[in-house]
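Structure first, commentary second.
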Amino acid sequence: CLAALAVVPAAAAREARQQAAQDRLGQALALFALLGDALGEAEAANSLANLHSGCGDQVRALPLYHRSLALRRSMGDRVGEAGVLNNVGLVLRDTAQFADALACLFASLELAVALQDDRASAHAHASIGTVLTELGEHSRATEHFLRALERLEHWPDPALEASARTGLGRLLTRLGHAEDAQPHLERALAVAHRSGRIDDLAAALHALAQLHQVLGQPERAEWLLQEALAATRRGGQALAEAEVLLSLGEHRGRESADHDAPLLLQQALCTAERLSADHLAGRIHLALSTWHERQQAFGPALQHHQAFHACGQRVQGQAVQRRLRTLLARSELERAQDHAERERRRGDALAEALDSLRESERHKAEQLRSMQHQAALLEIGRAHV
């Protein structure tokens, strides 16, 4: 009871802090615009959008991101443009607009590669991995997560490493590779603890809970889910909180006839619908349908199953699927062209090295012949003496 009573003042204090931060950033944005400082305005717009996005207010976040994007482009700030495109892609992912999200993220990656910016490339690869995971493109998602981690070997970024390892670990768990997932998730948790980023901590805890469910350790999974839920609430992450509530509801529904399960799932569903997260709402409807079916309440089970299909149709209808296939095919073509270009450059480098080696061998042969000729002349000279 005491813990429940503490939630209200903690939430109120968090909301007050968030509102104060929004007010200050709004004032800074207006001041930079008044002064004609395009860079300051772009930074302030992006920061304010990040704040709104973190609070689950994607409607207010998107126009601010687009404002920052326009300013970056007007200044020719291509690195900044890549970063904002990545942010826009993540907002679109959270609202289940996966085709638009991928379009933004592939554009971000293209810019980053052209600029040879490994850090921006790592961000784009990790973000693309999360979207492809949602779409069930597991092989492609794994490749993008691994590319992100490969680039981070040269440009350490704790927040991004935690995010990429959590995404990869969660995907490996889903594919049944728990032993491969565990080192990534434990590393992600350690990095998140060191960085102090509450959103990364919550995500790593949640992914570890799902891993322990697969490993058949329900008590450990329950504890981790409770920790993850507390972390999402401390950070004010509405979407992440709904995802944890879904996992907790499913977990309790499987482990016992716990009647808290549907209440947890209903809480998650209300948040997902408020945030227009149809991909998450669909999974919650499916979980509710399964729970009601176990209770032999077939009417509600059917209603939630129908709602699950409706969400799926909105998220991945035929028009969306066509666009996704086009984007993925273009990505594959660009990847093949990039691979061919790398192989061409590698072949050119090898050919140049071979030519250099041949030239060196020719030079050595000429030196050897010259030395042999000189030795012969010396021998002739000695014979005449």
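By convention in this document, the chains of the structure tokens carry letters A, B, ... by their order, each chain's residues are numbered from 1, and ligands are numbered from 1 in the order they are shown.
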Go through region 265-362 of chain A residue by residue and, counting only C-alpha atoms, keep those with an atom at most 10 Å from region 240-243 of chain A; for each kept residue give the shortest atom pair and its distance in Å to one decimal, ordered by chain and increasing number, as a tab-separated table.
residue	atom	partner	partner_atom	distance
A:Leu265	CA	A:Ala242	CA	8.4
A:Gln266	CA	A:Ala242	CA	9.6
A:Gln267	CA	A:Ala242	CA	7.3
A:Ala268	CA	A:Ala242	CA	4.3
A:Leu269	CA	A:Ala242	CA	7.3
A:Cys270	CA	A:Ala242	CA	8.5
A:Thr271	CA	A:Ala242	CA	6.2
A:Ala272	CA	A:Ala242	CA	6.6
A:Leu280	CA	A:Glu243	CA	7.3
A:Ala281	CA	A:Ala242	CA	9.3
A:Arg283	CA	A:Glu243	CA	9.5
A:Ile284	CA	A:Glu243	CA	8.9
Can I get the selection written as a PDB file, in the first residue's frame, with N, CA and C atoms?
ATOM      1  N   LEU A 265      -3.054  -6.172 -18.335  1.00  0.00           N
ATOM      2  CA  LEU A 265      -3.177  -6.102 -19.795  1.00  0.00           C
ATOM      3  C   LEU A 265      -4.074  -4.958 -20.226  1.00  0.00           C
ATOM      4  N   GLN A 266      -5.138  -4.701 -19.477  1.00  0.00           N
ATOM      5  CA  GLN A 266      -6.034  -3.584 -19.804  1.00  0.00           C
ATOM      6  C   GLN A 266      -5.314  -2.250 -19.623  1.00  0.00           C
ATOM      7  N   GLN A 267      -4.498  -2.144 -18.569  1.00  0.00           N
ATOM      8  CA  GLN A 267      -3.705  -0.928 -18.393  1.00  0.00           C
ATOM      9  C   GLN A 267      -2.788  -0.705 -19.589  1.00  0.00           C
ATOM     10  N   ALA A 268      -2.134  -1.782 -20.005  1.00  0.00           N
ATOM     11  CA  ALA A 268      -1.224  -1.692 -21.152  1.00  0.00           C
ATOM     12  C   ALA A 268      -1.982  -1.279 -22.407  1.00  0.00           C
ATOM     13  N   LEU A 269      -3.175  -1.855 -22.587  1.00  0.00           N
ATOM     14  CA  LEU A 269      -3.963  -1.565 -23.784  1.00  0.00           C
ATOM     15  C   LEU A 269      -4.392  -0.102 -23.825  1.00  0.00           C
ATOM     16  N   CYS A 270      -4.803   0.443 -22.692  1.00  0.00           N
ATOM     17  CA  CYS A 270      -5.217   1.856 -22.648  1.00  0.00           C
ATOM     18  C   CYS A 270      -4.068   2.765 -23.083  1.00  0.00           C
ATOM     19  N   THR A 271      -2.861   2.475 -22.597  1.00  0.00           N
ATOM     20  CA  THR A 271      -1.702   3.295 -22.961  1.00  0.00           C
ATOM     21  C   THR A 271      -1.361   3.136 -24.438  1.00  0.00           C
ATOM     22  N   ALA A 272      -1.360   1.906 -24.928  1.00  0.00           N
ATOM     23  CA  ALA A 272      -1.019   1.662 -26.335  1.00  0.00           C
ATOM     24  C   ALA A 272      -2.001   2.372 -27.261  1.00  0.00           C
ATOM     25  N   LEU A 280       1.686  -2.617 -30.743  1.00  0.00           N
ATOM     26  CA  LEU A 280       1.640  -3.082 -29.364  1.00  0.00           C
ATOM     27  C   LEU A 280       0.212  -3.426 -28.957  1.00  0.00           C
ATOM     28  N   ALA A 281      -0.749  -2.605 -29.371  1.00  0.00           N
ATOM     29  CA  ALA A 281      -2.153  -2.876 -29.041  1.00  0.00           C
ATOM     30  C   ALA A 281      -2.585  -4.239 -29.577  1.00  0.00           C
ATOM     31  N   ARG A 283      -0.728  -6.940 -29.998  1.00  0.00           N
ATOM     32  CA  ARG A 283      -0.184  -7.991 -29.141  1.00  0.00           C
ATOM     33  C   ARG A 283      -0.946  -8.090 -27.821  1.00  0.00           C
ATOM     34  N   ILE A 284      -1.375  -6.943 -27.306  1.00  0.00           N
ATOM     35  CA  ILE A 284      -2.130  -6.956 -26.041  1.00  0.00           C
ATOM     36  C   ILE A 284      -3.505  -7.584 -26.252  1.00  0.00           C
TER      37      ILE A 284
END
- Task: Considering only C-alpha atoms, return as a list in words whatever protein or nucleic-acid residues lie within 8 Å of Ser195 (chain A), sequence-local ones (same chain, fewer than 2 positions apart) excluded.
- Result: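 Using only C-alpha atoms, the neighbours found are Pro158, Ala159, Val191, Ala192, His193 and Arg197 of chain A.
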- Task: Excluding Asp23 (chain A) and any residue of its chain fewer than 5 positions from it, enumerate the residues within 12 Å of it, using only C-alpha atoms, and give them as number ranges by chain.
- Result: A: 16-18, 28-30, 44, 47-48, 51-52
- Task: Find the residues around Leu85 (chain A) up to 8 Å (only C-alpha atoms counted), leave out those fewer than 5 positions away in its own chain, and share them as a count of residues only.
- Result: 5
- When distances are computed from only C-alpha atoms, which of A:Glu153, A:Asp199, A:Glu255, A:Glu250 shows the smallest separation from Arg233 (chain A)? A:Asp199
- Between A:Ala114, A:Ala13, A:Ile128, A:Leu286, which has the minimum distance to Leu90 (chain A) (counting only C-alpha atoms)?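 Nearest candidate to Leu90 (chain A) out of A:Ala114, A:Ala13, A:Ile128, A:Leu286: A:Ile128.
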- Picked from region 78-222 of chain A by DSSP as alpha helix (DSSP H), as a ChimeraX atom specification: /A:78-94,98-114,118-134,138-152,158-174,178-195,198-214,218-222
- Message: Quick check, in Å to one decimal: how far apart do CA of Leu239 (chain A) and CA of Gly167 (chain A) lie?
- Response: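 Straight-line distance from CA of Leu239 (chain A) to CA of Gly167 (chain A) works out to 15.9 Å.
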Using only C-alpha atoms, which residues sit within 7 Å of Leu149 (chain A) once same-chain residues fewer than 4 positions away are excluded, as a CSV table (one decimal) with N, CA, C and O atoms, in the first residue's frame?
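Listed below is the output, around05.csv:
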chain,number,residue,atom,x,y,z
A,145,PHE,N,22.0,-5.0,-36.3
A,145,PHE,CA,22.5,-4.9,-34.9
A,145,PHE,C,24.0,-5.1,-34.9
A,145,PHE,O,24.8,-4.4,-34.2
A,153,GLU,N,33.0,-0.3,-32.0
A,153,GLU,CA,34.3,-0.7,-31.6
A,153,GLU,C,35.3,0.5,-31.8
A,153,GLU,O,36.3,0.7,-31.1
A,161,GLU,N,25.4,1.5,-27.3
A,161,GLU,CA,25.8,0.1,-27.1
A,161,GLU,C,24.7,-0.7,-26.3
A,161,GLU,O,24.4,-1.8,-26.6
A,164,ALA,N,21.7,-1.2,-28.6
A,164,ALA,CA,22.0,-2.2,-29.7
A,164,ALA,C,22.1,-3.6,-29.1
A,164,ALA,O,21.5,-4.6,-29.7
- Counting only C-alpha atoms, which of A:Ala120, A:Ala353, A:Leu135, A:Met371 gets nearest to Asp157 (chain A)?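 For Asp157 (chain A), the nearest of the given residues is A:Ala120.
The spacing separating CA of Ala33 (chain A) from CA of Arg73 (chain A) amounts to 16.0 Å.
Each of A:Arg187, A:Arg147, A:His138, A:His309 was compared to Leu171 (chain A) using only C-alpha atoms, and A:His138 turns out to be the nearest.
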- Message: Could you check the closest approach to Leu146 (chain A) for each of A:Cys55, A:Leu160, A:Ala126, A:Ala204 and tell me which residue wins, using only C-alpha atoms?
- Response: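 For Leu146 (chain A), the nearest of the given residues is A:Ala126.
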- Item | Nearby residues (only C-alpha atoms) at most 8 Å from Leu205 (chain A), same-chain spacing under 2 positions excluded, as JSON, numbers by chain | {"A": [189, 201, 202, 203, 207, 208, 209, 224, 225, 227, 228]}
- Item | Å distance separating CA of Leu246 (chain A) from CA of Leu264 (chain A), one decimal place |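 Answer for the CA of Leu246 (chain A) to CA of Leu264 (chain A) separation: 6.9 Å.
Compared by their closest atoms to Glu293 (chain A), and using only C-alpha atoms, the residues A:Gly136, A:Gly36, A:Gly317, A:Pro262 rank with A:Pro262 nearest.
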- Excluding region 56-65 of chain A and residues on its chain fewer than 3 positions from it, collect all residues at most 6 Å away from it, counting only C-alpha atoms, and give them as a list in words. Ala45, Asn46, Ala49, His52, Ser53, Ser68 and Ala238 of chain A
